[in-house]
$ cat upload39.tsv   # TSV, C-alpha atoms
chain	number	residue	atom	x	y	z
M	1	MET	CA	-18.45	4.10	25.34
M	2	GLN	CA	-20.17	2.34	22.46
M	3	ALA	CA	-19.33	5.24	20.13
M	4	PHE	CA	-15.71	5.14	21.31
M	5	LEU	CA	-15.49	1.40	20.64
M	6	HIS	CA	-17.00	1.90	17.19
M	7	GLN	CA	-14.41	4.56	16.32
M	8	LEU	CA	-11.62	2.37	17.68
M	9	LEU	CA	-12.66	-0.68	15.68
M	10	ALA	CA	-13.34	1.37	12.55
M	11	GLY	CA	-9.84	2.80	12.94
M	12	LEU	CA	-8.44	-0.73	12.99
M	13	ALA	CA	-10.32	-1.50	9.76
M	14	THR	CA	-8.98	1.57	7.91
M	15	GLY	CA	-5.60	1.01	9.54
M	16	GLY	CA	-5.45	-2.40	7.90
M	17	ILE	CA	-5.78	-0.74	4.49
M	18	TYR	CA	-3.09	1.79	5.39
M	19	ALA	CA	-0.92	-1.11	6.53
M	20	SER	CA	-1.25	-2.78	3.12
M	21	VAL	CA	-0.13	0.35	1.26
M	22	ALA	CA	2.59	1.01	3.84
M	23	LEU	CA	3.90	-2.52	3.31
M	24	ALA	CA	4.05	-1.91	-0.45
M	25	LEU	CA	5.97	1.33	0.18
M	26	VAL	CA	8.45	-0.47	2.44
M	27	MET	CA	9.00	-3.29	-0.05
M	28	ILE	CA	9.97	-0.80	-2.74
M	29	TYR	CA	12.03	1.31	-0.32
M	30	GLN	CA	14.05	-1.73	0.71
M	31	SER	CA	14.96	-2.47	-2.91
M	32	THR	CA	15.55	1.08	-4.21
M	33	HIS	CA	15.89	3.23	-1.04
M	34	GLN	CA	13.32	5.55	-2.61
M	35	VAL	CA	9.67	6.23	-1.71
M	36	ASN	CA	7.30	5.36	-4.54
M	37	PHE	CA	4.99	8.37	-4.60
M	38	ALA	CA	2.97	6.67	-7.35
M	39	GLN	CA	2.03	3.66	-5.19
M	40	GLY	CA	-1.46	4.98	-4.46
M	41	GLU	CA	-2.18	5.77	-8.11
M	42	MET	CA	-0.96	2.33	-9.16
M	43	ALA	CA	-3.38	0.80	-6.66
M	44	MET	CA	-6.20	3.01	-7.97
M	45	PHE	CA	-5.43	2.00	-11.56
M	46	SER	CA	-5.49	-1.67	-10.56
M	47	THR	CA	-8.88	-1.16	-8.92
M	48	TYR	CA	-10.21	0.17	-12.22
M	49	PHE	CA	-9.05	-3.08	-13.83
M	50	GLY	CA	-11.23	-4.91	-11.33
M	51	TRP	CA	-14.18	-2.60	-11.91
M	52	ALA	CA	-13.97	-3.17	-15.67
M	53	MET	CA	-13.96	-6.95	-15.15
M	54	LEU	CA	-17.00	-6.72	-12.88
M	55	GLN	CA	-18.81	-4.72	-15.55
M	56	ALA	CA	-17.99	-7.52	-17.99
M	57	GLY	CA	-19.81	-9.99	-15.70
M	58	LEU	CA	-16.90	-11.69	-13.97
M	59	PRO	CA	-17.60	-13.04	-10.43
M	60	TYR	CA	-16.06	-10.98	-7.64
M	61	TRP	CA	-13.42	-13.40	-6.37
M	62	ALA	CA	-12.34	-14.35	-9.90
M	63	MET	CA	-11.96	-10.63	-10.59
M	64	PHE	CA	-10.02	-10.23	-7.33
M	65	GLY	CA	-7.46	-12.87	-8.28
M	66	LEU	CA	-7.06	-11.61	-11.84
M	67	THR	CA	-6.65	-8.02	-10.66
M	68	VAL	CA	-3.93	-9.02	-8.20
M	69	GLY	CA	-2.15	-10.95	-10.97
M	70	LEU	CA	-2.39	-8.08	-13.47
M	71	SER	CA	-1.16	-5.66	-10.81
M	72	PHE	CA	1.84	-7.90	-10.15
M	73	VAL	CA	2.71	-7.80	-13.86
M	74	MET	CA	2.17	-4.02	-13.98
M	75	GLY	CA	4.48	-3.41	-11.02
M	76	ALA	CA	7.17	-5.66	-12.50
M	77	LEU	CA	6.96	-3.90	-15.87
M	78	VAL	CA	7.23	-0.46	-14.24
M	79	GLU	CA	10.46	-1.57	-12.54
M	80	ARG	CA	11.88	-3.13	-15.70
M	81	ILE	CA	10.98	-0.36	-18.14
M	82	VAL	CA	11.04	2.83	-16.03
M	83	ILE	CA	12.96	2.33	-12.78
M	84	ARG	CA	15.86	0.07	-13.80
M	85	PRO	CA	17.33	2.51	-16.38
M	86	MET	CA	17.33	5.15	-13.58
M	87	ARG	CA	19.42	3.01	-11.22
M	88	GLN	CA	22.51	5.21	-11.47
M	89	ALA	CA	20.59	8.49	-11.77
M	90	PRO	CA	20.69	11.19	-9.06
M	91	VAL	CA	18.12	10.94	-6.27
M	92	LEU	CA	16.23	14.01	-7.43
M	93	SER	CA	15.83	12.54	-10.91
M	94	VAL	CA	14.30	9.37	-9.47
M	95	VAL	CA	11.90	11.45	-7.36
M	96	VAL	CA	10.80	13.30	-10.49
M	97	VAL	CA	10.19	9.96	-12.23
M	98	PHE	CA	7.98	8.79	-9.34
M	99	ILE	CA	5.96	12.01	-9.49
M	100	ALA	CA	5.66	11.62	-13.27
M	101	LEU	CA	4.36	8.06	-12.79
M	102	LEU	CA	1.77	9.41	-10.34
M	103	MET	CA	0.50	11.91	-12.89
M	104	ILE	CA	0.57	9.37	-15.73
M	105	PHE	CA	-1.52	6.77	-13.87
M	106	HIS	CA	-3.93	9.45	-12.61
M	107	SER	CA	-4.46	10.95	-16.07
M	108	LEU	CA	-4.61	7.57	-17.79
M	109	ALA	CA	-7.34	6.37	-15.42
M	110	GLY	CA	-9.38	9.51	-16.07
M	111	TRP	CA	-8.91	9.18	-19.83
M	112	LEU	CA	-9.84	5.50	-19.98
M	113	PHE	CA	-12.58	5.31	-17.35
M	114	GLY	CA	-13.73	8.89	-16.81
M	115	TYR	CA	-13.67	11.12	-13.75
M	116	THR	CA	-17.19	10.37	-12.55
M	117	ILE	CA	-17.46	8.61	-9.17
M	118	LYS	CA	-18.31	4.92	-9.50
M	119	ARG	CA	-19.59	2.40	-6.98
M	120	PHE	CA	-17.34	-0.56	-6.24
M	121	PRO	CA	-19.07	-3.50	-4.57
M	122	SER	CA	-17.96	-5.12	-1.35
M	123	PRO	CA	-17.69	-8.93	-1.32
M	124	PHE	CA	-19.08	-9.03	2.21
M	125	PRO	CA	-22.90	-8.94	2.62
M	126	GLU	CA	-24.22	-6.14	4.80
M	127	ARG	CA	-26.14	-8.55	7.04
M	128	ALA	CA	-23.39	-11.14	7.39
M	129	TRP	CA	-23.17	-12.91	10.76
M	130	TYR	CA	-19.75	-11.43	11.54
M	131	GLY	CA	-21.02	-7.86	11.20
M	132	SER	CA	-22.35	-5.92	14.18
M	133	ALA	CA	-23.36	-2.47	15.34
M	134	LEU	CA	-19.73	-1.77	16.22
M	135	MET	CA	-18.13	-3.04	13.00
M	136	SER	CA	-19.71	-3.53	9.60
M	137	ALA	CA	-19.19	-6.78	7.71
M	138	HIS	CA	-16.92	-4.99	5.24
M	139	GLU	CA	-14.70	-3.64	8.02
M	140	VAL	CA	-14.35	-7.11	9.57
M	141	GLY	CA	-13.65	-8.65	6.18
M	142	ALA	CA	-11.12	-5.95	5.30
M	143	ILE	CA	-9.16	-6.65	8.49
M	144	ALA	CA	-9.27	-10.41	7.82
M	145	ILE	CA	-8.01	-10.04	4.23
M	146	THR	CA	-5.29	-7.61	5.30
M	147	LEU	CA	-4.02	-9.94	8.02
M	148	ALA	CA	-4.13	-12.90	5.62
M	149	VAL	CA	-2.06	-10.98	3.06
M	150	MET	CA	0.44	-9.97	5.76
M	151	ALA	CA	0.75	-13.61	6.91
M	152	LEU	CA	1.31	-14.84	3.34
M	153	ILE	CA	3.99	-12.24	2.69
M	154	PHE	CA	5.71	-12.97	6.01
M	155	GLY	CA	5.71	-16.70	5.26
M	156	PHE	CA	7.01	-16.09	1.74
M	157	PHE	CA	9.95	-13.97	2.88
M	158	ARG	CA	10.70	-16.08	5.95
M	159	PHE	CA	10.35	-19.68	4.75
M	160	THR	CA	10.91	-19.79	0.96
M	161	ALA	CA	14.20	-19.75	-0.94
M	162	LEU	CA	12.90	-17.13	-3.37
M	163	GLY	CA	11.79	-14.89	-0.51
M	164	LEU	CA	15.18	-15.19	1.19
M	165	ALA	CA	16.89	-14.36	-2.11
M	166	MET	CA	14.73	-11.25	-2.50
M	167	ARG	CA	15.59	-10.12	1.04
M	168	ALA	CA	19.28	-10.67	0.38
M	169	ALA	CA	19.16	-8.75	-2.91
M	170	ALA	CA	17.43	-5.81	-1.22
M	171	GLN	CA	19.79	-5.67	1.76
M	172	ASN	CA	23.14	-6.34	0.06
M	173	PRO	CA	23.05	-6.39	-3.76
M	174	VAL	CA	26.84	-6.75	-4.17
M	175	SER	CA	27.16	-9.83	-1.96
M	176	SER	CA	24.00	-11.30	-3.51
M	177	ARG	CA	25.52	-11.09	-6.98
M	178	LEU	CA	28.67	-12.81	-5.72
M	179	VAL	CA	26.65	-15.85	-4.58
M	180	GLY	CA	24.74	-16.08	-7.87
M	181	ILE	CA	21.49	-14.23	-7.11
M	182	ASP	CA	20.06	-12.32	-10.08
M	183	VAL	CA	19.48	-9.00	-8.30
M	184	GLY	CA	17.64	-7.45	-11.23
M	185	TRP	CA	15.03	-10.21	-11.24
M	186	MET	CA	14.66	-10.03	-7.48
M	187	LEU	CA	14.01	-6.28	-7.57
M	188	MET	CA	11.48	-6.74	-10.37
M	189	LEU	CA	9.66	-9.39	-8.32
M	190	GLY	CA	9.66	-7.01	-5.35
M	191	TRP	CA	7.98	-4.32	-7.42
M	192	GLY	CA	5.48	-6.88	-8.66
M	193	LEU	CA	4.60	-7.92	-5.12
M	194	ALA	CA	4.24	-4.27	-4.10
M	195	GLY	CA	1.84	-3.73	-7.01
M	196	ALA	CA	-0.21	-6.78	-6.00
M	197	VAL	CA	-0.43	-5.71	-2.34
M	198	GLY	CA	-1.44	-2.20	-3.42
M	199	ALA	CA	-4.20	-3.64	-5.59
M	200	VAL	CA	-5.64	-5.50	-2.59
M	201	ALA	CA	-5.67	-2.25	-0.63
M	202	GLY	CA	-7.35	-0.41	-3.51
M	203	MET	CA	-10.14	-2.98	-3.80
M	204	LEU	CA	-10.73	-2.85	-0.05
M	205	VAL	CA	-10.91	0.94	0.17
M	206	ALA	CA	-12.99	1.51	-3.00
M	207	PRO	CA	-16.32	0.32	-1.46
M	208	VAL	CA	-15.81	2.89	1.33
M	209	VAL	CA	-14.61	6.01	-0.53
M	210	PHE	CA	-16.06	5.07	-3.96
M	211	LEU	CA	-13.96	4.70	-7.09
M	212	ASP	CA	-12.46	7.73	-8.81
M	213	PRO	CA	-8.94	8.68	-10.01
M	214	GLY	CA	-8.18	10.65	-6.83
M	215	MET	CA	-9.41	8.11	-4.28
M	216	MET	CA	-5.95	7.01	-3.05
M	217	GLY	CA	-4.44	10.46	-2.45
M	218	GLY	CA	-5.31	10.63	1.25
M	219	VAL	CA	-4.77	6.89	1.73
M	220	LEU	CA	-1.19	7.18	0.45
M	221	LEU	CA	-0.48	10.01	2.88
M	222	TYR	CA	-1.79	7.98	5.83
M	223	ALA	CA	0.14	4.92	4.62
M	224	PHE	CA	3.34	6.96	4.36
M	225	ALA	CA	2.78	8.17	7.91
M	226	GLY	CA	2.27	4.57	9.02
M	227	ALA	CA	5.47	3.45	7.30
M	228	LEU	CA	7.42	6.23	9.03
M	229	VAL	CA	5.89	5.51	12.43
M	230	GLY	CA	6.72	1.80	12.23
M	231	GLY	CA	10.00	2.19	10.36
M	232	ILE	CA	10.40	2.74	6.63
M	233	ASP	CA	12.79	-0.24	6.41
M	234	SER	CA	10.74	-2.60	8.59
M	235	PRO	CA	7.81	-4.51	6.99
M	236	ALA	CA	6.42	-5.56	10.38
M	237	GLY	CA	6.80	-2.01	11.68
M	238	ALA	CA	4.97	-0.62	8.65
M	239	VAL	CA	2.02	-2.94	9.31
M	240	LEU	CA	1.85	-1.92	12.97
M	241	GLY	CA	2.31	1.73	12.02
M	242	GLY	CA	-0.61	1.52	9.59
M	243	PHE	CA	-2.92	0.23	12.32
M	244	ILE	CA	-1.67	2.92	14.74
M	245	VAL	CA	-2.31	5.69	12.21
M	246	GLY	CA	-5.78	4.32	11.41
M	247	VAL	CA	-6.79	4.32	15.08
M	248	LEU	CA	-5.30	7.77	15.79
M	249	GLU	CA	-6.93	9.24	12.69
M	250	ASN	CA	-10.38	8.05	13.75
M	251	LEU	CA	-10.10	8.93	17.44
M	252	ILE	CA	-8.44	12.35	17.01
M	253	GLY	CA	-10.69	13.20	14.07
M	254	SER	CA	-13.80	12.32	16.06
M	255	TYR	CA	-12.94	13.80	19.46
M	256	VAL	CA	-10.28	16.50	18.91
M	257	VAL	CA	-9.97	18.20	15.51
M	258	GLY	CA	-13.12	17.09	13.68
M	259	THR	CA	-13.51	15.08	10.50
M	260	GLU	CA	-12.60	18.06	8.25
M	261	LEU	CA	-9.06	18.21	9.67
M	262	LYS	CA	-8.33	14.49	9.95
M	263	LEU	CA	-5.70	14.69	7.22
M	264	THR	CA	-3.60	16.96	9.43
M	265	VAL	CA	-3.16	14.02	11.83
M	266	ALA	CA	-1.04	12.25	9.22
M	267	LEU	CA	0.98	15.40	8.53
M	268	VAL	CA	1.65	15.97	12.23
M	269	LEU	CA	2.71	12.34	12.64
M	270	ILE	CA	5.10	12.58	9.69
M	271	VAL	CA	6.74	15.76	11.00
M	272	GLY	CA	6.84	14.49	14.60
M	273	VAL	CA	8.43	11.15	13.70
M	274	LEU	CA	11.04	12.78	11.46
M	275	ILE	CA	11.99	15.16	14.29
M	276	VAL	CA	11.88	12.79	17.28
M	277	ARG	CA	12.70	9.34	15.87
M	278	PRO	CA	13.48	9.32	12.13
M	279	SER	CA	14.05	5.56	12.08
M	280	GLY	CA	10.54	4.85	13.44
M	281	LEU	CA	9.54	2.40	16.15
M	282	PHE	CA	11.18	-0.66	14.60
M	283	GLY	CA	13.51	0.83	11.99
M	284	ARG	CA	17.29	0.58	12.15
M	285	THR	CA	19.55	3.57	12.63
M	286	ILE	CA	22.43	3.18	10.19
M	287	VAL	CA	25.59	5.24	10.70
M	288	VAL	CA	27.72	5.76	7.61
M	289	LYS	CA	31.28	7.12	7.54
M	290	VAL	CA	31.81	9.71	4.81

$ encode --input "upload39.tsv" --output "structure tokens"
Amino acid sequence: MQAFLHQLLAGLATGGIYASVALALVMIYQSTHQVNFAQGEMAMFSTYFGWAMLQAGLPYWAMFGLTVGLSFVMGALVERIVIRPMRQAPVLSVVVVFIALLMIFHSLAGWLFGYTIKRFPSPFPERAWYGSALMSAHEVGAIAITLAVMALIFGFFRFTALGLAMRAAAQNPVSSRLVGIDVGWMLMLGWGLAGAVGAVAGMLVAPVVFLDPGMMGGVLLYAFAGALVGGIDSPAGAVLGGFIVGVLENLIGSYVVGTELKLTVALVLIVGVLIVRPSGLFGRTIVVKV
């Protein structure tokens, strides 16, 4: 029973990281109706920013804030320079651009920082009072940071004028322009927020899997599964889906298929959701007349 509880709680910790990346995917999907396949590589690249600042002697939490800010700027610039000119392009062309961004960030990280595995420190001491035999201090801290980020984003979109304008621009760009909302700026801010949330996820996962250019490949797949399970157009559903996928991955990997085949759990979930309920648990089914 103790081992089961450990796997369950560890699944919640990793699920929180998946939830962060899934939320970033949903934020971009709501604004462009496309899945950003480069989201994981952008998060990895942001984490290298943080690692470089730590090597320069910056304190951890100062580095954390600066990395989130730089990632926000990076996400906004990607939308302004790369994505916006493709607004009227065919869907397949946009998909190719996302894949190209994935390869660019991956190769650029290897070129600038090397392909050797690097240690990334955790801000939570190993013997902290909130750690236990069931959950390490880093796992508890990762869940706390993830929930805090989710609460901040929810409050921003629910209670601020700028957040409401961003939601309106994502849901109905034409009507938003008619009431004076600058849709282009709103979409750029959405990409910036997605980049910042992805950076938080990257810095939380790096102490566990270590830092290298390919560290977010599996995380992105699990996050995509979480976004589909919860609903690709539902931020709250994506968060819940991320936690569900994290728990299922740990439990099924430990007691059914083994750790070597854990990645197949995400693939089975993706195929199963697309067949049984494409809109996810909390997504909307939209019927369009053609």

$ closest_residue --input "upload39.tsv" --among "M:Ala165, M:Phe4, M:Ser254, M:Val94" --to "Gly184 of chain M" --atoms "all atoms listed in the file"
M:Ala165

$ closest_atom_pairs --input "upload39.tsv" --of "segment 91-200 of chain M" --to "segment 41-56 of chain M" --cutoff "9 Å" --atoms "only C-alpha atoms" --output "CSV"
residue,atom,partner,partner_atom,distance
M:Leu101,CA,M:Glu41,CA,8.4
M:Leu102,CA,M:Glu41,CA,5.8
M:Met103,CA,M:Glu41,CA,8.2
M:Ile104,CA,M:Glu41,CA,8.9
M:Phe105,CA,M:Glu41,CA,5.9
M:His106,CA,M:Glu41,CA,6.1
M:Leu108,CA,M:Phe45,CA,8.4
M:Ala109,CA,M:Phe45,CA,6.1
M:Phe113,CA,M:Tyr48,CA,7.6
M:Lys118,CA,M:Trp51,CA,8.9
M:Arg119,CA,M:Trp51,CA,8.9
M:Phe120,CA,M:Trp51,CA,6.8
M:Pro121,CA,M:Trp51,CA,8.9
M:Gly195,CA,M:Ala43,CA,6.9
M:Ala196,CA,M:Ala43,CA,8.2
M:Val197,CA,M:Ala43,CA,8.4
M:Gly198,CA,M:Ala43,CA,4.8
M:Ala199,CA,M:Ala43,CA,4.6
M:Val200,CA,M:Ala43,CA,7.8

$ residues_around --input "upload39.tsv" --residues "segment 73-90 of chain M" --least-positions-apart "5" --cutoff "7 Å" --atoms "only C-alpha atoms" --output "PyMOL selection string"
chain M and resi 188-189+191-192+194-195

$ residues_around --input "upload39.tsv" --residues "Tyr29 of chain M" --least-positions-apart "3" --cutoff "12 Å" --atoms "all atoms listed in the file" --output "compact mmCIF listing (two decimals) with C-alpha atoms, keeping the file's coordinate frame"
# COMPACT_ATOMS: atom_id res chain seq x y z
CA ALA M 22 2.59 1.01 3.84
CA LEU M 23 3.90 -2.52 3.31
CA ALA M 24 4.05 -1.91 -0.45
CA LEU M 25 5.97 1.33 0.18
CA VAL M 26 8.45 -0.47 2.44
CA THR M 32 15.55 1.08 -4.21
CA HIS M 33 15.89 3.23 -1.04
CA GLN M 34 13.32 5.55 -2.61
CA VAL M 35 9.67 6.23 -1.71
CA ASN M 36 7.30 5.36 -4.54
CA PHE M 37 4.99 8.37 -4.60
CA GLN M 39 2.03 3.66 -5.19
CA ALA M 170 17.43 -5.81 -1.22
CA GLN M 171 19.79 -5.67 1.76
CA LEU M 187 14.01 -6.28 -7.57
CA GLY M 190 9.66 -7.01 -5.35
CA TRP M 191 7.98 -4.32 -7.42
CA ALA M 194 4.24 -4.27 -4.10
CA PHE M 224 3.34 6.96 4.36
CA ALA M 227 5.47 3.45 7.30
CA LEU M 228 7.42 6.23 9.03
CA GLY M 231 10.00 2.19 10.36
CA ILE M 232 10.40 2.74 6.63
CA ASP M 233 12.79 -0.24 6.41
CA SER M 234 10.74 -2.60 8.59
CA PRO M 235 7.81 -4.51 6.99
CA ALA M 238 4.97 -0.62 8.65

$ closest_residue --input "upload39.tsv" --among "M:Pro173, M:Gly163, M:Pro207, M:Gly114" --to "Ala137 of chain M" --atoms "all atoms listed in the file"
M:Pro207

$ atom_distance --input "upload39.tsv" --atom1 "atom CA of Met216 of chain M" --atom2 "atom CA of Leu5 of chain M"
26.1 Å

$ atom_distance --input "upload39.tsv" --atom1 "atom CA of Asn250 of chain M" --atom2 "atom CA of Tyr222 of chain M"
11.7 Å

$ closest_residue --input "upload39.tsv" --among "M:Leu162, M:Ala151, M:Ala3, M:Leu92" --to "Val239 of chain M" --atoms "all atoms listed in the file"
M:Ala151

$ closest_residue --input "upload39.tsv" --among "M:Phe210, M:Phe282, M:Phe243, M:Tyr60" --to "Pro123 of chain M" --atoms "all atoms listed in the file"
M:Tyr60

$ closest_residue --input "upload39.tsv" --among "M:Met150, M:Leu193, M:Ile252, M:Leu204" --to "Val68 of chain M" --atoms "all atoms listed in the file"
M:Leu193

$ closest_residue --input "upload39.tsv" --among "M:Arg177, M:Phe156, M:Ser31, M:Met135" --to "Leu12 of chain M" --atoms "all atoms listed in the file"
M:Met135

$ atom_distance --input "upload39.tsv" --atom1 "atom CA of Ser279 of chain M" --atom2 "atom CA of Val256 of chain M"
27.5 Å

$ residues_around --input "upload39.tsv" --residues "segment 128-134 of chain M" --least-positions-apart "5" --cutoff "9 Å" --atoms "all atoms listed in the file" --output "list in words"
Gln2, Ala3, Leu5, His6, Gln7, Leu9, Ala10, Glu139, Val140 and Gly141 of chain M

$ residues_around --input "upload39.tsv" --residues "segment 14-20 of chain M" --least-positions-apart "5" --cutoff "6 Å" --atoms "only C-alpha atoms" --output "PyMOL selection string"
chain M and resi 143+146+201+223+239+242-243+246
